[in-house]
Amino acid sequence: MNRTSLVCLSLMSMMSLLCWSDRALAVAAEACPDPIFIQSFDDATAVVCPRPKARFDCFGSYATSFGALSSTGAGQPILWTIASNGGPPAAPISVEFGSSSSNGVAEADFDGDGVFDVAVYDIDVGGFSYLPSSGGAAVTITWSSNPSTDFYTVVGDYDCDGKSDPTYVRYAGGAIEWVINTSGPGPDRAVTFGSWTTDYVLAGMDWDGDGCDDLGTVRIDGASNMTWRIGDASSGALLLQQVWGNRSTDFIVPGDYLGDERADFAIWRSFGAGTSGEWLIKENGGPGSLAQVFGTPGDYAVRDLALRGDFDGDGKDDIAVRKNGTAIWQWRRSSDAVIDQATVGTPSGFPIPATGVQ
């Protein structure tokens with residue numbers, strides 16, 4: 001069994017609410033063939049085209065924010081440092097939340113305001129705690145689980161209500177059981193999907209474009225080939241699968257690189273000496289693919305760290321890395337292929353949102 005820690009947080013929402021009438025929704029459907037771009041207000045209907053929220057958008061800017069984690073030692077608080085990216089100017093935010101010894105970091109919007117929360121899971125006793133981006137005191141979510149056998153890295157919006165659902169996976173007779181604490185009414189959901197001995201688990205992502213996150217694993221065969229397997233979060237039925245990548249050379253870096261609101265199969269060929277540093281992205285649901293060299297591959301001493309997010313705010317995830325031994329973030333803008341960069345945190349801090357399962 002392998003774990004994936006996909007990191008997320010946010011502190012303050014800068015998003016406003018817009019009340020829609022039936023007529024306004026109908027007008028919006030006609031006026032917004034491409035939902036990525038906000039159009040100007042129409043004097044008669046005051047319609048604004050919707051945009052998909054970006055991963056780790058902590059300020060409501062529709063672009064991934066810059067974040068870093070640090071701690072002064074074992075058992076000490078986790079210091080979260082977040083800088084805005086796009087939108088109205090905002091001062092960097094720092095907050096201590098969680099412990100470096102007993103907490104892992106979760107990517108989640110538990111309060112459903114469209115902005116990510118500062119969120120951790122408890123390694124020792126189970127459950128999640130978070131600081132709502134909408135304001136208020138810290139919230140703790142606990143339920144029956146066994147932290148010695150359960151892993152808390154698979155949070156997603158599995159019931160399609162716009163809120164992340166606290167979720168863990170556990171061993172179930174050789175299979176993986178996903179226990180989902182749905183944020184809506186009703187009991188917890190237990191769904192069997194995947195093999196405990198051969199599969200990596202993925203955090204929740206929407207693979208079929210229905211607006212709901214799906215279950216995901218990557219299965220490794222005897223030749224280290226990767227088969228991506230996507231399952232329905234209610235029944236565990238297999239929705240799709242794709243052979244893509246090899247564990248001996250590749251990091252797993254899924255994301256919506258095409259901007260069609262469906263996750264794509266993606267790997268970064270950078271594990272070990274002699275690898276190419278190519279990002280190999282396979283379109284989900286179509287024949288397209290992309291091969292792009294970006295970042296420094298190799299062993300741990302020289303290899304960059306893969307990042308994941310929409311840094312230019314165009315509705316598509318960008319190919320991105322944190323340069324090894326530095327505080328420099330670099331990304332290839334999907335909007336125009338220009339290489340951009342920012343200095344965030346310190347070289348010893350852990351960047352968020354980071355990815356790259358191997």
# chains A, B, ... in the order shown; residues from 1 in each chain; ligands from 1
$ closest_atom_pairs --of "region 79-179 of chain A" --to "region 206-224 of chain A" --cutoff "9 Å" --atoms "only C-alpha atoms" --output "CSV"
residue,atom,partner,partner_atom,distance
A:Val154,CA,A:Leu215,CA,8.5
A:Gly156,CA,A:Asp213,CA,5.9
A:Asp157,CA,A:Asp213,CA,5.3
A:Tyr158,CA,A:Asp213,CA,5.0
A:Asp159,CA,A:Cys212,CA,6.6
A:Cys160,CA,A:Cys212,CA,4.8
A:Asp161,CA,A:Cys212,CA,8.3
A:Gly162,CA,A:Cys212,CA,8.7
A:Trp178,CA,A:Leu215,CA,8.4
$ residues_around --residues "Asp250 (chain A)" --least-positions-apart "6" --cutoff "12 Å" --atoms "only C-alpha atoms" --output "list of chain:residue names"
A:Ile220, A:Ser224, A:Asn225, A:Met226, A:Trp244, A:Ala266, A:Ile267, A:Trp268, A:Arg269, A:Ser270, A:Phe271, A:Gly272, A:Ala273, A:Thr275, A:Ser276, A:Gly277, A:Glu278, A:Trp279, A:Leu280, A:Ile281, A:Pro297, A:Gly298, A:Ala306, A:Gly356, A:Val357, A:Gln358
$ write_last_selection --atoms "C-alpha atoms" --output "JSON list (two decimals), in the first residue's frame"
[["chain", "number", "residue", "atom", "x", "y", "z"],
["A", 220, "ILE", "CA", 1.55, -1.62, -11.00],
["A", 224, "SER", "CA", 6.30, -1.82, -13.47],
["A", 225, "ASN", "CA", 3.73, -0.65, -16.06],
["A", 226, "MET", "CA", 1.03, 1.64, -14.68],
["A", 244, "TRP", "CA", 0.15, 5.10, -19.00],
["A", 266, "ALA", "CA", -0.08, 12.40, -16.59],
["A", 267, "ILE", "CA", 3.40, 11.36, -15.52],
["A", 268, "TRP", "CA", 6.75, 13.13, -15.11],
["A", 269, "ARG", "CA", 9.61, 10.93, -16.39],
["A", 270, "SER", "CA", 12.25, 12.06, -13.91],
["A", 271, "PHE", "CA", 12.94, 9.31, -11.38],
["A", 272, "GLY", "CA", 16.62, 8.38, -11.45],
["A", 273, "ALA", "CA", 19.70, 9.11, -13.55],
["A", 275, "THR", "CA", 15.56, 10.01, -17.33],
["A", 276, "SER", "CA", 14.34, 12.58, -19.83],
["A", 277, "GLY", "CA", 12.43, 15.03, -17.66],
["A", 278, "GLU", "CA", 9.43, 14.75, -20.00],
["A", 279, "TRP", "CA", 5.91, 15.41, -18.84],
["A", 280, "LEU", "CA", 3.76, 12.89, -20.72],
["A", 281, "ILE", "CA", 0.06, 13.75, -20.64],
["A", 297, "PRO", "CA", 15.22, 14.97, -13.54],
["A", 298, "GLY", "CA", 17.60, 12.62, -11.73],
["A", 306, "ALA", "CA", 6.71, 18.49, -9.16],
["A", 356, "GLY", "CA", 4.52, 13.47, -7.63],
["A", 357, "VAL", "CA", 3.82, 9.96, -6.40],
["A", 358, "GLN", "CA", 6.48, 7.38, -7.21]]
$ select_by_dssp --residues "region 69-234 of chain A" --states "strand (DSSP E or B)" --output "VMD selection string"
chain A and resid 69 to 70 77 to 83 93 to 99 103 to 105 118 to 122 128 to 131 139 to 141 151 156 165 167 to 172 175 to 180 189 to 195 199 to 205 214 to 220 225 to 231
$ closest_residue --among "A:Val338, A:Ala63, A:Ala108, A:Leu131" --to "Thr167 (chain A)" --atoms "only C-alpha atoms"
A:Ala108
$ residues_around --residues "region 81-83 of chain A" --least-positions-apart "3" --cutoff "6 Å" --atoms "only C-alpha atoms" --output "list in words"
Phe66, Gly67, Ala68, Pro92, Ile93 and Ser94 of chain A
$ write_last_selection --atoms "N, CA, C and O atoms" --output "PDB file, in the first residue's frame"
ATOM      1  N   PHE A  66       0.368  30.452  -3.877  1.00  0.00           N
ATOM      2  CA  PHE A  66       1.695  29.960  -3.531  1.00  0.00           C
ATOM      3  C   PHE A  66       1.742  29.683  -2.031  1.00  0.00           C
ATOM      4  O   PHE A  66       1.449  30.573  -1.228  1.00  0.00           O
ATOM      5  N   GLY A  67       2.129  28.464  -1.660  1.00  0.00           N
ATOM      6  CA  GLY A  67       2.170  28.129  -0.245  1.00  0.00           C
ATOM      7  C   GLY A  67       3.411  27.356   0.120  1.00  0.00           C
ATOM      8  O   GLY A  67       4.044  26.720  -0.724  1.00  0.00           O
ATOM      9  N   ALA A  68       3.764  27.415   1.393  1.00  0.00           N
ATOM     10  CA  ALA A  68       4.924  26.666   1.881  1.00  0.00           C
ATOM     11  C   ALA A  68       4.663  26.247   3.324  1.00  0.00           C
ATOM     12  O   ALA A  68       4.037  26.977   4.102  1.00  0.00           O
ATOM     13  N   PRO A  92       0.811  38.434   2.221  1.00  0.00           N
ATOM     14  CA  PRO A  92       0.996  37.021   2.551  1.00  0.00           C
ATOM     15  C   PRO A  92       0.386  36.709   3.919  1.00  0.00           C
ATOM     16  O   PRO A  92       0.345  37.559   4.808  1.00  0.00           O
ATOM     17  N   ILE A  93      -0.078  35.501   4.073  1.00  0.00           N
ATOM     18  CA  ILE A  93      -0.718  35.070   5.311  1.00  0.00           C
ATOM     19  C   ILE A  93       0.120  33.972   5.944  1.00  0.00           C
ATOM     20  O   ILE A  93       0.586  33.064   5.252  1.00  0.00           O
ATOM     21  N   SER A  94       0.314  34.041   7.249  1.00  0.00           N
ATOM     22  CA  SER A  94       1.020  33.007   7.985  1.00  0.00           C
ATOM     23  C   SER A  94       0.165  32.562   9.165  1.00  0.00           C
ATOM     24  O   SER A  94      -0.402  33.405   9.872  1.00  0.00           O
TER      25      SER A  94
END
$ residues_around --residues "Asp117 (chain A)" --least-positions-apart "2" --cutoff "12 Å" --atoms "only C-alpha atoms" --output "MDAnalysis selection string"
chainID A and resid 7:13 55:60 80 82 95 97 105:115 119:120 128:136 138:139 163:164
$ closest_residue --among "A:Gly245, A:Gly345, A:Gly255, A:Gly288" --to "Ile319 (chain A)" --atoms "only C-alpha atoms"
A:Gly255
$ closest_residue --among "A:Gly315, A:Thr343, A:Asn284, A:Glu96" --to "Val243 (chain A)" --atoms "only C-alpha atoms"
A:Asn284
$ residues_around --residues "Ala320 (chain A)" --least-positions-apart "6" --cutoff "12 Å" --atoms "only C-alpha atoms" --output "ChimeraX atom specification"
/A:64,253,255,257,268,277-279,292-296,304-312,328-334,337-342,351-356
$ residues_around --residues "region 169-176 of chain A" --least-positions-apart "4" --cutoff "10 Å" --atoms "only C-alpha atoms" --output "VMD selection string"
chain A and resid 1 3 145 to 155 180 190 to 199 201 217
$ atom_distance --atom1 "CA of Phe350 (chain A)" --atom2 "CA of Leu69 (chain A)"
5.0 Å
